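Peer 1: Just one file: structure.txt, with compact mmCIF, C-alpha atoms.
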```txt
# COMPACT_ATOMS: atom_id res chain seq x y z
CA MET I 19 -133.33 -46.21 115.67
CA VAL I 20 -136.25 -44.01 116.68
CA LEU I 21 -136.04 -41.72 119.70
CA PRO I 22 -138.56 -39.08 120.74
CA ASP I 23 -136.47 -36.30 119.16
CA LEU I 24 -134.70 -38.02 116.24
CA ALA I 25 -134.39 -41.09 114.06
CA PHE I 26 -131.43 -42.65 112.28
CA THR I 27 -130.25 -45.94 110.88
CA PHE I 28 -127.10 -47.83 111.70
CA THR I 29 -125.45 -51.02 110.53
CA THR I 30 -124.07 -53.67 112.88
CA ASP I 31 -121.93 -56.72 112.23
CA ARG I 32 -120.63 -59.87 113.88
CA GLY I 33 -117.71 -59.34 116.19
CA VAL I 34 -119.11 -56.01 117.42
CA PHE I 35 -121.16 -55.59 120.59
CA SER I 36 -124.92 -55.99 120.11
CA HIS I 37 -124.89 -57.42 116.59
CA GLY I 38 -128.20 -57.09 114.79
CA HIS I 39 -130.01 -54.86 117.28
CA LEU I 40 -129.74 -52.01 119.74
CA ASP I 41 -129.10 -53.50 123.17
CA SER I 42 -131.44 -52.65 126.04
CA GLY I 43 -128.84 -50.78 128.09
CA THR I 44 -127.85 -48.44 125.27
CA ALA I 45 -131.52 -47.85 124.40
CA PHE I 46 -132.15 -46.88 128.05
CA LEU I 47 -129.23 -44.43 128.01
CA LEU I 48 -130.34 -42.83 124.71
CA GLN I 49 -133.93 -42.46 125.93
CA GLN I 50 -133.26 -41.29 129.49
CA ALA I 51 -129.95 -39.40 129.60
CA PRO I 52 -130.21 -35.64 130.09
CA SER I 53 -129.93 -33.69 126.84
CA PRO I 54 -126.30 -33.01 125.94
CA PRO I 55 -125.05 -29.42 125.84
CA THR I 56 -125.08 -27.75 122.43
CA GLU I 57 -121.29 -27.73 122.21
CA GLY I 58 -118.17 -29.15 123.79
CA THR I 59 -116.10 -32.31 123.41
CA PHE I 60 -118.18 -35.47 123.85
CA VAL I 61 -116.88 -39.03 123.93
CA ASP I 62 -118.54 -42.41 123.42
CA VAL I 63 -116.22 -44.86 125.21
CA GLY I 64 -116.56 -48.35 123.73
CA CYS I 65 -118.56 -47.13 120.74
CA GLY I 66 -119.40 -50.46 119.09
CA ALA I 67 -121.35 -49.66 115.91
CA GLY I 68 -121.84 -46.08 117.10
CA PRO I 69 -125.46 -45.53 118.20
CA ILE I 70 -124.38 -43.39 121.16
CA ALA I 71 -121.92 -41.31 119.12
CA LEU I 72 -124.51 -40.83 116.37
CA THR I 73 -127.11 -39.68 118.89
CA LEU I 74 -124.69 -37.19 120.43
CA ALA I 75 -123.73 -35.83 116.99
CA LEU I 76 -127.35 -35.51 115.88
CA ARG I 77 -128.49 -33.86 119.11
CA SER I 78 -125.50 -31.50 119.32
CA PRO I 79 -124.18 -30.82 115.79
CA GLU I 80 -121.87 -28.04 117.05
CA ALA I 81 -120.08 -30.43 119.45
CA THR I 82 -116.94 -32.40 118.74
CA VAL I 83 -117.97 -36.05 119.06
CA VAL I 84 -115.29 -38.71 119.49
CA ALA I 85 -116.02 -42.44 119.32
CA VAL I 86 -113.41 -44.70 120.90
CA ASP I 87 -113.09 -48.48 120.59
CA PRO I 88 -110.16 -50.92 120.41
CA ASN I 89 -112.09 -53.12 117.93
CA SER I 90 -111.20 -52.14 114.35
CA ARG I 91 -114.51 -53.43 112.96
CA ALA I 92 -116.41 -51.32 115.50
CA ARG I 93 -114.47 -48.24 114.42
CA GLU I 94 -115.16 -49.00 110.74
CA LEU I 95 -118.89 -49.41 111.41
CA THR I 96 -119.11 -46.23 113.48
CA ALA I 97 -117.33 -44.23 110.77
CA ALA I 98 -119.58 -45.69 108.05
CA ASN I 99 -122.70 -45.09 110.13
CA ALA I 100 -121.68 -41.47 110.77
CA THR I 101 -121.15 -40.93 107.04
CA ALA I 102 -124.48 -42.58 106.19
CA ASN I 103 -126.25 -40.29 108.66
CA GLU I 104 -124.30 -37.21 107.54
CA VAL I 105 -122.88 -36.37 110.95
CA SER I 106 -119.35 -35.60 112.06
CA VAL I 107 -117.83 -38.16 114.42
CA THR I 108 -114.10 -38.64 114.96
CA VAL I 109 -113.44 -42.37 115.36
CA VAL I 110 -110.22 -43.46 117.06
CA HIS I 111 -108.42 -46.34 118.72
CA PRO I 112 -107.89 -45.65 122.46
CA ASP I 113 -104.11 -45.55 121.91
CA ASN I 114 -104.55 -42.64 119.48
CA VAL I 115 -106.43 -40.32 121.83
CA PRO I 116 -104.23 -37.32 122.67
CA ALA I 117 -102.94 -37.59 126.23
CA ASP I 118 -104.03 -34.03 127.02
CA MET I 119 -107.58 -34.37 125.69
CA THR I 120 -110.19 -32.98 128.08
CA VAL I 121 -113.84 -33.90 127.63
CA ASP I 122 -117.08 -32.24 128.64
CA LEU I 123 -119.36 -35.24 128.32
CA ILE I 124 -118.95 -39.00 128.26
CA TRP I 125 -121.83 -41.27 127.35
CA SER I 126 -121.02 -44.94 127.61
CA ASN I 127 -122.34 -48.43 127.94
CA PRO I 128 -118.92 -49.51 129.22
CA PRO I 129 -117.49 -52.93 128.39
CA ILE I 130 -118.24 -54.57 131.74
CA ARG I 131 -117.14 -58.00 130.57
CA ILE I 132 -113.49 -56.94 130.25
CA GLY I 133 -113.22 -57.64 133.99
CA LYS I 134 -113.41 -55.57 137.14
CA GLN I 135 -109.78 -54.40 137.20
CA ALA I 136 -109.67 -53.51 133.48
CA LEU I 137 -113.01 -51.69 133.78
CA ARG I 138 -111.79 -49.70 136.76
CA GLU I 139 -108.65 -48.72 134.86
CA LEU I 140 -110.69 -47.71 131.82
CA LEU I 141 -113.08 -45.60 133.89
CA THR I 142 -110.27 -44.04 135.91
CA GLU I 143 -108.57 -42.97 132.67
CA TRP I 144 -111.68 -41.52 131.02
CA LEU I 145 -113.22 -39.93 134.11
CA GLY I 146 -109.86 -38.31 134.74
CA ARG I 147 -110.27 -36.52 131.40
CA LEU I 148 -113.50 -34.80 132.45
CA SER I 149 -113.40 -31.01 132.49
CA ASP I 150 -114.19 -29.28 135.78
CA HIS I 151 -117.89 -29.22 134.89
CA GLY I 152 -117.87 -32.37 132.76
CA VAL I 153 -120.14 -35.33 133.38
CA ALA I 154 -120.17 -38.99 132.44
CA ILE I 155 -123.45 -40.79 131.89
CA LEU I 156 -122.96 -44.54 132.22
CA VAL I 157 -125.47 -47.34 131.76
CA ILE I 158 -124.63 -50.54 133.63
CA ASN I 159 -126.50 -53.79 134.12
CA ARG I 160 -127.41 -54.34 137.76
CA ASN I 161 -126.59 -58.04 137.46
CA LEU I 162 -123.12 -57.18 136.16
CA GLY I 163 -122.15 -55.00 139.10
CA ALA I 164 -123.80 -51.60 138.67
CA ASP I 165 -124.31 -51.07 142.38
CA SER I 166 -120.81 -52.15 143.40
CA LEU I 167 -119.35 -49.95 140.65
CA HIS I 168 -121.42 -47.05 141.97
CA ARG I 169 -119.96 -47.60 145.48
CA TRP I 170 -116.40 -47.95 144.10
CA LEU I 171 -116.68 -44.68 142.15
CA GLU I 172 -117.78 -42.93 145.34
CA THR I 173 -114.80 -44.36 147.26
CA GLU I 174 -112.61 -42.93 144.49
CA SER I 175 -114.08 -39.49 145.32
CA TRP I 176 -116.36 -39.13 142.30
CA HIS I 177 -119.80 -37.60 142.72
CA VAL I 178 -122.23 -40.31 141.58
CA SER I 179 -125.98 -40.18 141.31
CA ARG I 180 -128.44 -42.67 139.92
CA LEU I 181 -130.57 -41.03 137.25
CA GLY I 182 -132.84 -44.02 136.84
CA SER I 183 -133.33 -47.77 136.72
CA ARG I 184 -135.12 -49.90 134.16
CA SER I 185 -135.13 -53.57 133.19
CA GLY I 186 -132.13 -54.35 135.38
CA PHE I 187 -130.04 -51.38 134.21
CA ARG I 188 -128.80 -48.41 136.19
CA LEU I 189 -128.18 -45.01 134.61
CA LEU I 190 -125.44 -43.23 136.54
CA SER I 191 -124.19 -39.66 136.37
CA VAL I 192 -120.55 -39.27 137.41
CA SER I 193 -118.78 -35.95 137.92
CA ARG I 194 -115.91 -34.39 139.82
CA PRO I 195 -116.69 -33.47 143.41
CA HIS I 196 -117.21 -29.74 143.84
CA ASP I 197 -116.23 -28.03 147.05
```
Rewrite the structure from the file as structure tokens, please.

Peer 2:
Amino acid sequence: MVLPDLAFTFTTDRGVFSHGHLDSGTAFLLQQAPSPPTEGTFVDVGCGAGPIALTLALRSPEATVVAVDPNSRARELTAANATANEVSVTVVHPDNVPADMTVDLIWSNPPIRIGKQALRELLTEWLGRLSDHGVAILVINRNLGADSLHRWLETESWHVSRLGSRSGFRLLSVSRPHD
């Protein structure tokens, strides 16, 4: 993977999202998301083989980076890819995330295909963990409901802005409303 500011390698496998390549949505997020802060607690929700978590760890080595995925093979790949790239990433099953964990940054290509209700529950849980000044950067395919998800997040009182669009993907920034 080559980005303007860094390069790394990662291994994928069957049974894990985007086997054999970096998917277009994740590439868009990694190329266009605002630079992460130098420190804080950052989470890659639905990490797959870990390209988002690896990018966060390489760009912000002082941060605590957590990669979360229910798929055991995805967790194994992310851990192995972090080791191979000599970065620190904590890889966990969603059930093993501490209930009181607060996060400063979420980067995610969320698992849209789990269904609308399950996706809304997932996002409600993780967005609810954002610190007061935390932000989530989400990449979502327009044809898989990016615009309706944007509207739903706003009805749930989240501050949502579109950071960009490319090749049918929307890059959204989601944060707590500030009075």

Peer 1: Could I get the residues of stretch 110-150 of chain I with an atom no further than 9 Å from an atom of stretch 183-194 of chain I, each paired with its nearest atom pair and that distance in Å to one decimal, using only C-alpha atoms, sorted by chain and residue number, as a Markdown table?

Peer 2:
```
| residue | atom | partner | partner_atom | distance |
| --- | --- | --- | --- | --- |
| I:Leu145 | CA | I:Ser193 | CA | 7.8 |
| I:Gly146 | CA | I:Arg194 | CA | 8.8 |
| I:Leu148 | CA | I:Ser193 | CA | 7.7 |
| I:Ser149 | CA | I:Arg194 | CA | 8.5 |
| I:Asp150 | CA | I:Arg194 | CA | 6.7 |
```

Peer 1: Can you list, as a PyMOL selection string, every protein, DNA or RNA residue that comes within 12 Å of I:Trp144 when you count all atoms listed in the file, leaving out same-chain residues fewer than 6 positions away?

Peer 2: chain I and resi 60-64+86+112+115-126+128+137-138+152-156+192-193

Peer 1: I need the residue nearest I:Arg93 from this list: I:Ala81, I:Leu171, I:Thr29, I:Glu139. Use only C-alpha atoms for the distance.

Peer 2: I:Thr29

Peer 1: What is the distance between atom CA of I:Thr142 and atom CA of I:Val110, in Å to one decimal?

Peer 2: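 So the two atoms, atom CA of I:Thr142 and atom CA of I:Val110, lie 18.9 Å apart.
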
Peer 1: Pick from I:Glu57, I:Thr30, I:Ala51, I:Leu72: nearest to I:Ala92, with only C-alpha atoms counted?

Peer 2: I:Thr30

Peer 1: Using all atoms listed in the file, can you tell me which of I:Ser179, I:Thr44, I:Thr82, I:Ala75 comes closest to I:Thr101?

Peer 2: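 Looking only at the distances to I:Thr101, the closest residue turns out to be I:Ala75.
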
Peer 1: Find, counting all atoms listed in the file, the residue in I:Asn103, I:Ser166, I:Asn161, I:Ser42 that gets nearest to I:Leu76.

Peer 2: I:Asn103

Peer 1: Please indicate the distance in Å from atom CA of I:Leu74 to atom CA of I:Asn127, rounded to one decimal place.

Peer 2: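 Here the two named atoms are 13.7 Å from each other.
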
Peer 1: Counting all atoms listed in the file, which residue out of I:Leu167, I:Ala136, I:Leu181, I:Ala25 sits closest to I:Phe46?

Peer 2: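 So, comparing all the options, the nearest one is I:Leu181.
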
Peer 1: I'd like to know which of I:Gly68, I:Lys134, I:Ala85, I:Gly182 is closest to I:Trp170, using all atoms listed in the file.

Peer 2: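 Among the listed residues, I:Lys134 lies closest to I:Trp170.
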
Peer 1: Residues near I:Val109, anyone? I mean within 9 Å using all atoms listed in the file, not counting same-chain ones fewer than 6 positions away, as an MDAnalysis selection string.

Peer 2: chainID I and resid 65 83:87 93:94 96:97

Peer 1: How many Å lie between atom CA of I:Pro52 and atom CA of I:Asn99, rounded to one decimal?

Peer 2: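 According to the coordinates, atom CA of I:Pro52 and atom CA of I:Asn99 are separated by 23.3 Å.
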